[in-house]
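Colleague: Sharing input.txt here; it has compact mmCIF, C-alpha atoms and all ligand atoms.
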# COMPACT_ATOMS: atom_id res chain seq x y z
CA MET D 1 122.93 109.85 98.21
CA SER D 2 121.34 113.26 98.48
CA THR D 3 118.24 114.11 100.41
CA SER D 4 116.29 117.34 100.31
CA HIS D 5 113.59 118.22 102.77
CA SER D 6 111.75 121.06 104.43
CA ALA D 7 112.55 122.45 107.85
CA ALA D 8 109.73 120.43 109.37
CA PRO D 9 110.96 117.44 111.33
CA PRO D 10 110.02 114.00 110.06
CA PRO D 11 107.05 112.46 111.84
CA ASP D 12 107.45 109.99 114.63
CA PRO D 13 108.35 107.03 112.44
CA GLY D 14 106.62 104.54 114.67
CA GLY D 15 103.40 106.46 114.68
CA ARG D 16 101.05 106.63 117.62
CA ARG D 17 102.99 104.37 119.91
CA GLY D 18 106.50 105.16 118.85
CA THR D 19 107.31 101.78 117.40
CA PRO D 20 110.93 101.74 116.32
CA VAL D 21 111.54 101.35 112.61
CA GLY D 22 114.65 100.93 110.54
CA ARG D 23 116.96 103.59 109.24
CA ARG D 24 115.72 103.25 105.71
CA VAL D 25 112.19 104.02 106.87
CA LEU D 26 113.43 107.23 108.41
CA LEU D 27 115.07 108.16 105.13
CA GLY D 28 111.91 107.24 103.29
CA MET D 29 109.85 109.50 105.46
CA VAL D 30 111.92 112.65 105.32
CA GLY D 31 109.79 115.59 104.31
CA LEU D 32 106.41 114.11 105.14
CA GLY D 33 103.80 116.77 104.57
CA ALA D 34 106.11 118.71 102.29
CA VAL D 35 108.21 117.28 99.54
CA GLY D 36 110.80 114.67 100.24
CA VAL D 37 112.97 113.18 97.59
CA VAL D 38 115.07 110.18 98.38
CA ALA D 39 117.70 109.33 95.84
CA GLY D 40 118.26 105.68 96.44
CA GLY D 41 119.20 104.45 93.01
CA PRO D 42 117.83 104.66 89.51
CA LEU D 43 114.29 104.89 90.80
CA GLN D 44 113.82 108.23 92.51
CA ARG D 45 110.40 108.75 93.92
CA LEU D 46 108.41 111.22 95.95
CA VAL D 47 107.76 109.93 99.39
CA SER D 48 104.92 111.06 101.56
CA ASP D 49 103.51 108.03 103.34
CA SER D 50 104.31 105.59 106.06
CA ILE D 51 102.26 102.53 106.92
CA ASP D 52 100.91 104.46 109.85
CA THR D 53 99.68 107.48 107.91
CA VAL D 54 97.69 105.39 105.42
CA ALA D 55 95.87 103.68 108.26
CA GLU D 56 93.76 106.80 108.35
CA LYS D 57 92.53 106.42 104.76
CA ASP D 58 89.17 105.05 105.73
CA PRO D 59 86.68 105.11 102.86
CA THR D 60 83.76 104.80 105.24
CA GLY D 61 84.71 108.06 106.92
CA LEU D 62 84.15 106.36 110.24
CA SER D 63 86.92 104.96 112.35
CA ASN D 64 89.86 103.03 111.03
CA LEU D 65 89.00 100.34 113.50
CA LEU D 66 87.01 97.79 111.58
CA PRO D 67 83.70 97.16 113.35
CA GLY D 68 83.37 94.09 115.49
CA ASN D 69 87.02 93.26 115.77
CA ARG D 70 90.44 94.52 116.59
CA PHE D 71 91.86 94.98 113.13
CA ARG D 72 92.64 98.32 111.59
CA TYR D 73 91.66 99.09 108.04
CA TYR D 74 94.59 99.75 105.75
CA SER D 75 94.57 100.75 102.12
CA VAL D 76 97.04 102.83 100.17
CA THR D 77 94.21 103.81 97.82
CA SER D 78 91.11 105.73 98.87
CA SER D 79 88.69 103.35 97.17
CA VAL D 80 88.85 99.82 95.85
CA PRO D 81 86.31 98.25 93.48
CA GLU D 82 84.41 95.26 94.84
CA ARG D 83 84.91 91.87 93.24
CA ASP D 84 82.95 88.68 93.87
CA GLU D 85 82.42 85.22 92.32
CA THR D 86 81.11 86.81 89.13
CA ASN D 87 84.14 88.92 88.30
CA TYR D 88 87.04 87.89 90.52
CA ARG D 89 90.06 86.43 88.71
CA LEU D 90 93.51 85.47 89.96
CA THR D 91 96.27 85.05 87.41
CA VAL D 92 99.51 83.12 87.85
CA ASP D 93 102.06 84.02 85.21
CA GLY D 94 105.66 85.05 84.57
CA LEU D 95 108.37 82.37 84.58
CA VAL D 96 105.98 79.40 84.55
CA ASP D 97 105.28 76.58 82.09
CA LYS D 98 101.54 76.98 82.31
CA PRO D 99 100.07 80.42 83.09
CA MET D 100 96.76 80.00 84.91
CA THR D 101 93.66 82.03 85.68
CA TYR D 102 91.47 81.06 88.63
CA LYS D 103 87.91 81.96 89.52
CA LEU D 104 86.79 81.70 93.13
CA SER D 105 85.13 78.36 92.38
CA ASP D 106 88.43 77.06 90.95
CA LEU D 107 90.25 78.01 94.15
CA ALA D 108 87.53 76.33 96.21
CA GLY D 109 88.15 73.12 94.28
CA LEU D 110 91.79 72.90 95.36
CA PRO D 111 93.05 71.39 98.66
CA GLN D 112 92.14 73.72 101.52
CA HIS D 113 94.25 74.47 104.57
CA ARG D 114 93.67 76.49 107.73
CA ILE D 115 96.21 78.11 110.02
CA VAL D 116 95.80 80.02 113.27
CA LYS D 117 98.51 82.50 114.24
CA ASP D 118 98.85 86.01 115.62
CA VAL D 119 98.44 88.85 113.13
CA GLN D 120 101.10 91.48 113.73
CA CYS D 121 101.19 94.86 112.00
CA VAL D 122 104.58 96.55 111.85
CA THR D 123 103.12 99.65 113.54
CA GLY D 124 102.44 97.75 116.74
CA TRP D 125 98.93 96.37 116.86
CA ARG D 126 98.35 92.66 117.04
CA VAL D 127 95.37 90.35 116.80
CA PRO D 128 96.12 87.05 118.50
CA GLN D 129 95.22 83.63 117.11
CA THR D 130 93.48 84.58 113.89
CA PRO D 131 92.32 81.76 111.60
CA PHE D 132 93.02 82.07 107.87
CA ALA D 133 92.09 79.42 105.31
CA GLY D 134 92.40 78.85 101.61
CA VAL D 135 94.94 77.26 99.30
CA ARG D 136 98.64 77.16 99.85
CA LEU D 137 100.59 79.39 97.49
CA SER D 138 102.82 76.37 96.80
CA THR D 139 99.81 74.52 95.36
CA LEU D 140 99.31 77.27 92.77
CA LEU D 141 103.03 77.41 92.00
CA ASP D 142 103.15 73.65 91.45
CA ALA D 143 100.11 73.80 89.18
CA ALA D 144 101.76 76.48 87.06
CA GLY D 145 105.17 74.80 86.97
CA VAL D 146 107.88 77.24 87.98
CA ALA D 147 110.72 77.56 85.46
CA PRO D 148 114.26 76.97 86.83
CA GLU D 149 115.10 80.69 86.63
CA GLY D 150 112.00 81.64 88.66
CA LYS D 151 113.42 82.67 92.03
CA ALA D 152 110.88 85.14 93.40
CA ILE D 153 107.24 86.20 93.28
CA ARG D 154 105.65 89.55 92.63
CA PHE D 155 102.09 90.02 93.87
CA THR D 156 99.70 92.58 92.42
CA CYS D 157 96.30 93.71 93.63
CA PHE D 158 93.08 94.92 92.06
CA ASP D 159 93.29 98.17 93.99
CA GLY D 160 95.69 98.92 91.14
CA VAL D 161 98.54 100.10 93.35
CA TYR D 162 99.68 97.76 96.10
CA THR D 163 102.39 95.21 95.41
CA GLU D 164 104.29 92.67 97.45
CA SER D 165 107.11 90.20 97.03
CA LEU D 166 108.51 86.95 98.35
CA THR D 167 111.48 84.79 97.51
CA MET D 168 110.58 81.41 96.03
CA GLU D 169 111.74 79.69 99.20
CA GLN D 170 109.47 81.87 101.34
CA ALA D 171 106.58 81.45 98.91
CA ARG D 172 106.76 77.67 99.17
CA ARG D 173 106.36 77.60 102.95
CA SER D 174 103.27 75.80 104.16
CA ASP D 175 102.21 78.87 106.19
CA VAL D 176 101.97 81.13 103.15
CA MET D 177 98.44 81.07 101.82
CA VAL D 178 96.20 82.47 99.16
CA ALA D 179 93.41 82.99 101.64
CA THR D 180 89.68 83.10 100.97
CA SER D 181 88.61 82.95 104.59
CA MET D 182 89.61 84.93 107.66
CA GLU D 183 88.21 84.33 111.15
CA ASP D 184 86.36 81.37 109.61
CA LYS D 185 84.27 83.59 107.32
CA PRO D 186 84.71 84.65 103.71
CA ILE D 187 87.14 87.56 103.64
CA THR D 188 85.20 90.82 103.57
CA HIS D 189 85.96 93.54 101.07
CA ALA D 190 87.50 95.70 103.80
CA HIS D 191 89.89 92.90 104.72
CA GLY D 192 90.98 92.42 101.12
CA GLY D 193 88.39 89.93 99.93
CA PRO D 194 87.50 87.89 98.16
CA VAL D 195 91.16 86.79 98.15
CA ARG D 196 94.18 88.06 100.02
CA LEU D 197 97.64 86.75 100.55
CA TYR D 198 98.43 85.58 104.07
CA VAL D 199 102.09 85.35 105.02
CA ALA D 200 101.78 84.06 108.57
CA PRO D 201 105.41 84.41 109.75
CA MET D 202 105.83 87.99 108.55
CA TYR D 203 104.45 91.42 109.38
CA PHE D 204 100.96 91.92 108.06
CA TYR D 205 102.03 94.30 105.29
CA LYS D 206 103.25 91.23 103.42
CA SER D 207 99.66 89.94 103.35
CA ALA D 208 98.50 91.78 100.24
CA LYS D 209 94.77 92.46 100.17
CA TRP D 210 92.63 92.25 97.00
CA LEU D 211 95.14 89.84 95.45
CA SER D 212 94.80 89.54 91.69
CA GLY D 213 98.19 88.60 90.30
CA ILE D 214 101.00 86.20 91.14
CA THR D 215 103.96 86.64 88.82
CA VAL D 216 107.06 84.47 89.00
CA THR D 217 110.15 86.61 88.51
CA GLU D 218 113.90 86.15 88.40
CA ASP D 219 114.65 88.48 91.33
CA VAL D 220 112.76 89.98 94.21
CA LYS D 221 111.14 93.25 93.17
CA PRO D 222 110.45 95.16 96.39
CA GLY D 223 106.77 95.81 97.03
CA TYR D 224 104.94 99.05 97.76
CA TRP D 225 106.12 99.52 101.36
CA GLU D 226 109.46 97.89 100.67
CA GLU D 227 110.24 100.59 98.11
CA LEU D 228 109.62 103.00 100.98
CA GLY D 229 112.10 101.31 103.26
CA TYR D 230 110.31 98.50 105.03
CA ASP D 231 112.04 95.14 105.09
CA VAL D 232 111.51 92.69 102.24
CA ASP D 233 112.25 89.85 104.66
CA ALA D 234 109.67 90.96 107.17
CA TRP D 235 109.94 88.16 109.72
CA VAL D 236 108.01 89.09 112.83
CA GLY D 237 110.46 89.97 115.57
CA ARG D 238 113.48 89.86 113.29
CA SER D 239 113.06 92.91 111.09
CA ASN D 240 112.06 96.55 111.38
CA GLY D 241 109.04 96.86 113.64
CA ARG D 242 108.76 94.79 116.75
CA SER D 243 106.85 91.81 118.00
CA ASP D 244 106.54 92.92 121.63
CA ALA D 245 104.56 96.06 120.89
CA PRO D 246 101.30 96.69 122.70
CA THR D 247 98.02 95.96 120.96
CA VAL D 248 96.48 99.28 119.93
N1 LIG D 301 96.25 95.92 98.79
C1 LIG D 301 96.70 96.25 100.03
N2 LIG D 301 97.08 95.26 100.86
C2 LIG D 301 97.52 95.56 102.11
C3 LIG D 301 97.63 96.90 102.56
C4 LIG D 301 97.22 97.92 101.66
O1 LIG D 301 97.27 99.13 101.97
N3 LIG D 301 96.75 97.56 100.40
N4 LIG D 301 98.12 97.18 103.82
C5 LIG D 301 98.90 96.14 104.50
C6 LIG D 301 99.06 96.40 105.93
S1 LIG D 301 100.26 97.52 106.40
C7 LIG D 301 98.34 95.72 106.87
S2 LIG D 301 98.63 95.91 108.54
C8 LIG D 301 97.25 94.82 106.48
C9 LIG D 301 95.95 95.29 107.10
O2 LIG D 301 94.91 94.39 106.83
P1 LIG D 301 93.45 94.72 107.34
O3 LIG D 301 93.03 95.99 106.63
O4 LIG D 301 92.63 93.53 106.95
O5 LIG D 301 93.51 94.92 108.84
O6 LIG D 301 97.06 94.74 105.06
C10 LIG D 301 98.26 94.77 104.30
N5 LIG D 301 97.91 94.54 102.93
MO MO D 302 100.54 97.08 108.66
Output the structure of this file as C-alpha cells.

Modeller:
Amino acid sequence: MSTSHSAAPPPDPGGRRGTPVGRRVLLGMVGLGAVGVVAGGPLQRLVSDSIDTVAEKDPTGLSNLLPGNRFRYYSVTSSVPERDETNYRLTVDGLVDKPMTYKLSDLAGLPQHRIVKDVQCVTGWRVPQTPFAGVRLSTLLDAAGVAPEGKAIRFTCFDGVYTESLTMEQARRSDVMVATSMEDKPITHAHGGPVRLYVAPMYFYKSAKWLSGITVTEDVKPGYWEELGYDVDAWVGRSNGRSDAPTV
C-alpha cells in the first residue's frame, strides 16, 4: 500500500471531542484539505471527508443542530430534492424472485412496528430513547422473496450519493426498520424523510436517510462511509467509535 499526502497533519480523526476511530479511518483521512490518495485495492479514490466534516454541510446555512431537538444534520451532498406521497418510490430488487416498488401508501398498508432505543452517532453525540416506526426490513425481503444466493443488501438513496450495506442476517433482525416515523412524527426531509433506514443496534451512519433502493446482492458492498474506513459491522460499542462518548 502506498499513501501520498501533504505536509499538513491529518485532522483530529474524532472531530470536536476527540472520539477515537479505527486505523483505517486514519488512513482514509490522510491529506484532508489537500489531496490524499489511499491505495487500498482496485478501487483507488480521493479522500477528503470524515463523518465529522460533513456534519457542517448544512443547506440552511444556520446551525447543524436541527431545531427543536438534539440531533445533528448530516448529509454528504449539499442539497437533496424533496419527495412526498406524490413522487416517493422505494424499489426492492437484485437477487429476488419478485422485484417490488412501493409508494408511501403501500408501506403504510404493511404491518407497522415501533422501537425506542438510543441513537448514537460514531462521532460521539447521542440522543437517548428515540422512537422510530415503520415496517421491518424483513417484511419487505419476505415479500420480494430472497434468492438462495442473496447474502447481503445494498441500500441507495435519492440524494444520489449515499449508500449503505448490511448482511442478510443483520437485515433480518427485528430491530432493523424501513422507518416512516421518527419521534412519533413523519420523518422530516432533514432527517431523511419520507423514508429512512433505521438500524437500531448500530451507529447512526448505518441508518441511511432518503432511502430509495434496497438491492439484494451476493456479497456486502461497503457503503459510502465504509469505503472511507468506517466499520461495515458498526455495532454500537463494538466497532470504531465509542458508546460512552459525551452527548454533544
Ligand atoms: N443519505 C444519507 N444518510 C445518512 C447520512 C448522510 O450523509 N446521507 N449520514 C449518516 C450519519 S453519519 C448520521 S449520524 C445520521 C444523521 O441523521 P440526522 O441527520 O437525522 O441526525 O444519518 C446517517 N445517514
Ligand atoms: Mo454519524

Colleague: Give the answer as one residue: which of D:Thr156, D:Ser239, D:Gln112, D:Ser207 has the shortest atom-to-atom distance to ligand MO 302 (chain D), using all atoms listed in the file?

Modeller: D:Ser207

Colleague: Could you state the separation of CA of Val135 (chain D) and CA of Tyr73 (chain D) in Å, given to one decimal place?

Modeller: 23.7 Å

Colleague: Compute the set of protein, DNA and RNA residues whose minimum atom distance to ligand MO 302 (chain D) is at most 6 Å, using all atoms listed in the file, and state it as a PDB file with C-alpha atoms, in the coordinates of the input.

Modeller:
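Saved the output as result19.pdb:
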ATOM      1  CA  ILE D  51     102.260 102.530 106.920  1.00  0.00           C
ATOM      2  CA  CYS D 121     101.190  94.860 112.000  1.00  0.00           C
ATOM      3  CA  VAL D 122     104.580  96.550 111.850  1.00  0.00           C
ATOM      4  CA  PHE D 204     100.960  91.920 108.060  1.00  0.00           C
ATOM      5  CA  TYR D 205     102.030  94.300 105.290  1.00  0.00           C
TER       6      TYR D 205
END

Colleague: If you count only C-alpha atoms and all ligand atoms, which residues end up within 9 Å of ligand LIG 301 (chain D), as an MDAnalysis selection string?

Modeller: chainID D and resid 51:52 54:55 64:66 70:77 80 119:123 125 156:164 187:193 196:197 203:211 224:225

Colleague: If you measure from CA of Ser50 (chain D) to CA of Tyr230 (chain D), what distance in Å do you get, rounded to one decimal?

Modeller: 9.3 Å

Colleague: Would you kindly return, as a VMD selection string, each protein, DNA or RNA residue with an atom no farther than 6 Å from any atom of region 166-175 of chain D, considering all atoms listed in the file and excluding same-chain residues fewer than 4 positions away?

Modeller: chain D and resid 138 151 to 153 200

Colleague: What's around Glu183 (chain D) at 12 Å? Count all atoms listed in the file, leave out sequence neighbours fewer than 3 positions away in its own chain, and write the answer as a count of residues only.

Modeller: 24

Colleague: Near Arg89 (chain D), counting all atoms listed in the file, which residues have an atom at most 10 Å away, once you skip same-chain residues fewer than 3 positions from it, shown as a PyMOL selection string?

Modeller: chain D and resi 83-86+101-104+106+158+194-195+211-213

Colleague: Grab the CA of Ala234 (chain D) to CA of Thr139 (chain D) distance for me, in Å with one decimal place.

Modeller: 22.5 Å

Colleague: Extending 3 Å beyond the listed atoms of region 144-160 of chain D on each side, what axis-aligned box results? I want centre and edge lengths in Å to one decimal, as JSON.

Modeller:
{"center_x": 104.1, "center_y": 86.9, "center_z": 89.7, "size_x": 28.0, "size_y": 30.1, "size_z": 14.5}

Colleague: Between D:Arg136, D:Val216, D:Trp235, D:Ser105, which has the minimum distance to Asn87 (chain D) (counting all atoms listed in the file)?

Modeller: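 Answer, going by the shortest atom-to-atom distance: D:Ser105.
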
Colleague: Counting all atoms listed in the file, figure out which residue out of D:Thr217, D:Ser181, D:Ser78, D:Ser165 gets nearest to Leu95 (chain D).

Modeller: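 Between D:Thr217, D:Ser181, D:Ser78, D:Ser165, the residue approaching Leu95 (chain D) most closely is D:Thr217.
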
Colleague: Looking at D:Gly223, D:Val199, D:Glu218, D:Tyr88, which one is nearest to Glu149 (chain D), with distances taken over only C-alpha atoms?

Modeller: D:Glu218
